[in-house]
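First up is the structure itself, then whatever we jot down about it.
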Amino acid sequence: QIKSVQNTRQITKAMEMVAAAKLRRAQEKATSALPYSEKLKEVVGSIAAGTKGISHPMLEKREVKKTGYLVITSDRGLAGASNSNMLRKVSNFIAERHQSKDEYCLFVIGRKGRDYFRRRGLPVVEELTDLSDSPTYADIKTIANAAVQQYELGQIDELYLCYNQFVNALTQIQEISKLLPMENIGGSGNLTGYEYEPSPEGVLEVLLPTYSDTLLCSAMLNDKDRELGSKLT
């Protein structure tokens, strides 16, 4: 029994060391993307606030008949209670807002989320598993495009992003935020210093999908930080 306990401690210690190294790399990756994300938000906000009569599907609010939820979880366990806390929060959020399964659908990243919703017979329309510990946007592009396309085609009328916001190894915050239609991106409206070709509207047409992709990628990196950080505690 003593030998068994010693072996377990050695395995646990090895897991902690590997997770610590991976966490450092993941945090560096997430931090390096922040300047790009902030500048993109500034430009998008300035154009949106400074251009009158601008119209884009990602900005237009409409009557909500069906809602999509893009839920990010991990593939594996041994990562604390953050997965179960996130899934419980999403379930409660859905129960409060919907009377029928026809009123919403789920796009799920990670086995933990997929299995949780499947066991409960909830409408998972897209799933993605087996992400690496250093994911890129290319890894989630298919499911992200599927969710955004359903919004653009009017199959869903709003899209929420659900993930764990990493604070530190001991603290994660379960976030549920509206991704589409985009809200609260308005800047000062001061376009001084920028020249847009062919036009502000044309630039916004390109930047809004890019900004949406950036938010998704940031959420994914945050959740990966959360997973690796949880393995240290």
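Identifiers in the structure tokens: chain A, B, ... in order shown; residue index from 1 per chain; ligand index from 1 in order shown.
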Checklist line | Non-local contacts of A:Asp75 (7 Å; only C-alpha atoms; under 4 positions in same chain excluded) as a list in words | finding: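 Counting only C-alpha atoms, the residues come to Gly110, Arg111, Lys112, Thr129 and Asp130 of chain A.
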Note to self: When you count only C-alpha atoms, which of these residues is closest to A:Asn164: A:Ile109, A:Leu204, A:Ile176, A:Met58?
What the structure shows: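 Residue with the minimum atom-to-atom distance to A:Asn164: A:Ile176.
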Notebook entry, point to check: Residues at most 10 Å from A:Ser84, counting only C-alpha atoms, excluding those fewer than 3 positions away in the same chain, as a ChimeraX atom specification?
Noted result: /A:73,80-81,87-90,112-113,116
May I have the selected residues written with C-alpha atoms, as an mmCIF file, in the first residue's frame?
```
data_model
loop_
_atom_site.group_PDB
_atom_site.id
_atom_site.type_symbol
_atom_site.label_atom_id
_atom_site.label_comp_id
_atom_site.auth_asym_id
_atom_site.auth_seq_id
_atom_site.Cartn_x
_atom_site.Cartn_y
_atom_site.Cartn_z
ATOM 1 C CA THR A 73 -15.172 22.341 -22.543
ATOM 2 C CA GLY A 80 -11.149 20.232 -11.219
ATOM 3 C CA ALA A 81 -14.815 21.171 -11.190
ATOM 4 C CA LEU A 87 -22.089 22.873 -17.941
ATOM 5 C CA ARG A 88 -24.354 23.399 -14.938
ATOM 6 C CA LYS A 89 -24.421 27.142 -15.592
ATOM 7 C CA VAL A 90 -25.261 26.646 -19.269
ATOM 8 C CA LYS A 112 -17.039 16.586 -21.547
ATOM 9 C CA GLY A 113 -19.640 18.936 -22.970
ATOM 10 C CA TYR A 116 -23.047 15.802 -20.900
#
```
Next item on the list: Kindly indicate which residue among A:Phe166, A:Tyr211, A:Phe93, A:Tyr151 lies nearest to A:Pro57, using only C-alpha atoms for the distances.
Entry: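 The answer is A:Tyr151, which sits nearest to A:Pro57.
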Next item on the list: Name the residues in contact with A:Ala144 at a cut-off of 12 Å, using only C-alpha atoms, excluding same-chain residues fewer than 6 positions from it; report them as a ChimeraX atom specification.
Entry: /A:68-72,106-109,126-128,137-138,150-151,159-161,179,209-210,212-217,219-220
Notebook entry, point to check: Looking only at the backbone, which of the residues in stretch 43-205 of chain A does DSSP tag as alpha helix (DSSP H), as a PyMOL selection string?
Noted result: chain A and resi 43-50+82-97+111-119+137-152+200-205
Next item on the list: Write out as a ChimeraX atom specification each polymer residue whose atoms come within 7 Å of A:Pro181, counting only C-alpha atoms; drop sequence neighbours fewer than 2 positions from it.
Entry: /A:58-61,158,179,183
Residues as selected, N, CA, C and O atoms, written as a PDB file, in the first residue's frame, can you do that?
```pdb
ATOM      1  N   MET A  58     -24.109  40.779 -38.865  1.00  0.00           N
ATOM      2  CA  MET A  58     -23.583  40.521 -37.532  1.00  0.00           C
ATOM      3  C   MET A  58     -23.964  41.598 -36.520  1.00  0.00           C
ATOM      4  O   MET A  58     -23.755  41.417 -35.324  1.00  0.00           O
ATOM      5  N   LEU A  59     -24.494  42.731 -37.008  1.00  0.00           N
ATOM      6  CA  LEU A  59     -24.886  43.828 -36.120  1.00  0.00           C
ATOM      7  C   LEU A  59     -26.399  43.944 -35.967  1.00  0.00           C
ATOM      8  O   LEU A  59     -26.871  44.645 -35.075  1.00  0.00           O
ATOM      9  N   GLU A  60     -27.145  43.296 -36.834  1.00  0.00           N
ATOM     10  CA  GLU A  60     -28.594  43.494 -36.879  1.00  0.00           C
ATOM     11  C   GLU A  60     -29.318  42.613 -35.861  1.00  0.00           C
ATOM     12  O   GLU A  60     -29.181  41.396 -35.868  1.00  0.00           O
ATOM     13  N   LYS A  61     -30.103  43.268 -35.025  1.00  0.00           N
ATOM     14  CA  LYS A  61     -30.938  42.536 -34.076  1.00  0.00           C
ATOM     15  C   LYS A  61     -32.252  42.161 -34.759  1.00  0.00           C
ATOM     16  O   LYS A  61     -32.778  42.910 -35.562  1.00  0.00           O
ATOM     17  N   GLU A 158     -29.656  34.463 -32.500  1.00  0.00           N
ATOM     18  CA  GLU A 158     -28.605  34.968 -31.616  1.00  0.00           C
ATOM     19  C   GLU A 158     -27.686  33.805 -31.281  1.00  0.00           C
ATOM     20  O   GLU A 158     -28.088  32.638 -31.339  1.00  0.00           O
ATOM     21  N   LEU A 179     -22.332  36.527 -28.583  1.00  0.00           N
ATOM     22  CA  LEU A 179     -21.384  36.730 -29.678  1.00  0.00           C
ATOM     23  C   LEU A 179     -22.063  37.401 -30.866  1.00  0.00           C
ATOM     24  O   LEU A 179     -21.494  38.294 -31.496  1.00  0.00           O
ATOM     25  N   GLU A 183     -22.613  43.303 -29.902  1.00  0.00           N
ATOM     26  CA  GLU A 183     -23.052  44.435 -29.101  1.00  0.00           C
ATOM     27  C   GLU A 183     -21.848  45.039 -28.384  1.00  0.00           C
ATOM     28  O   GLU A 183     -20.820  44.397 -28.217  1.00  0.00           O
TER      29      GLU A 183
END
```
Checklist line | Among the residues A:Asp102, A:Val124, A:Gln174, A:Glu152, the one that comes closest to A:His56 [using only C-alpha atoms] | finding: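 Ranking A:Asp102, A:Val124, A:Gln174, A:Glu152 by distance to A:His56, first place goes to A:Glu152.
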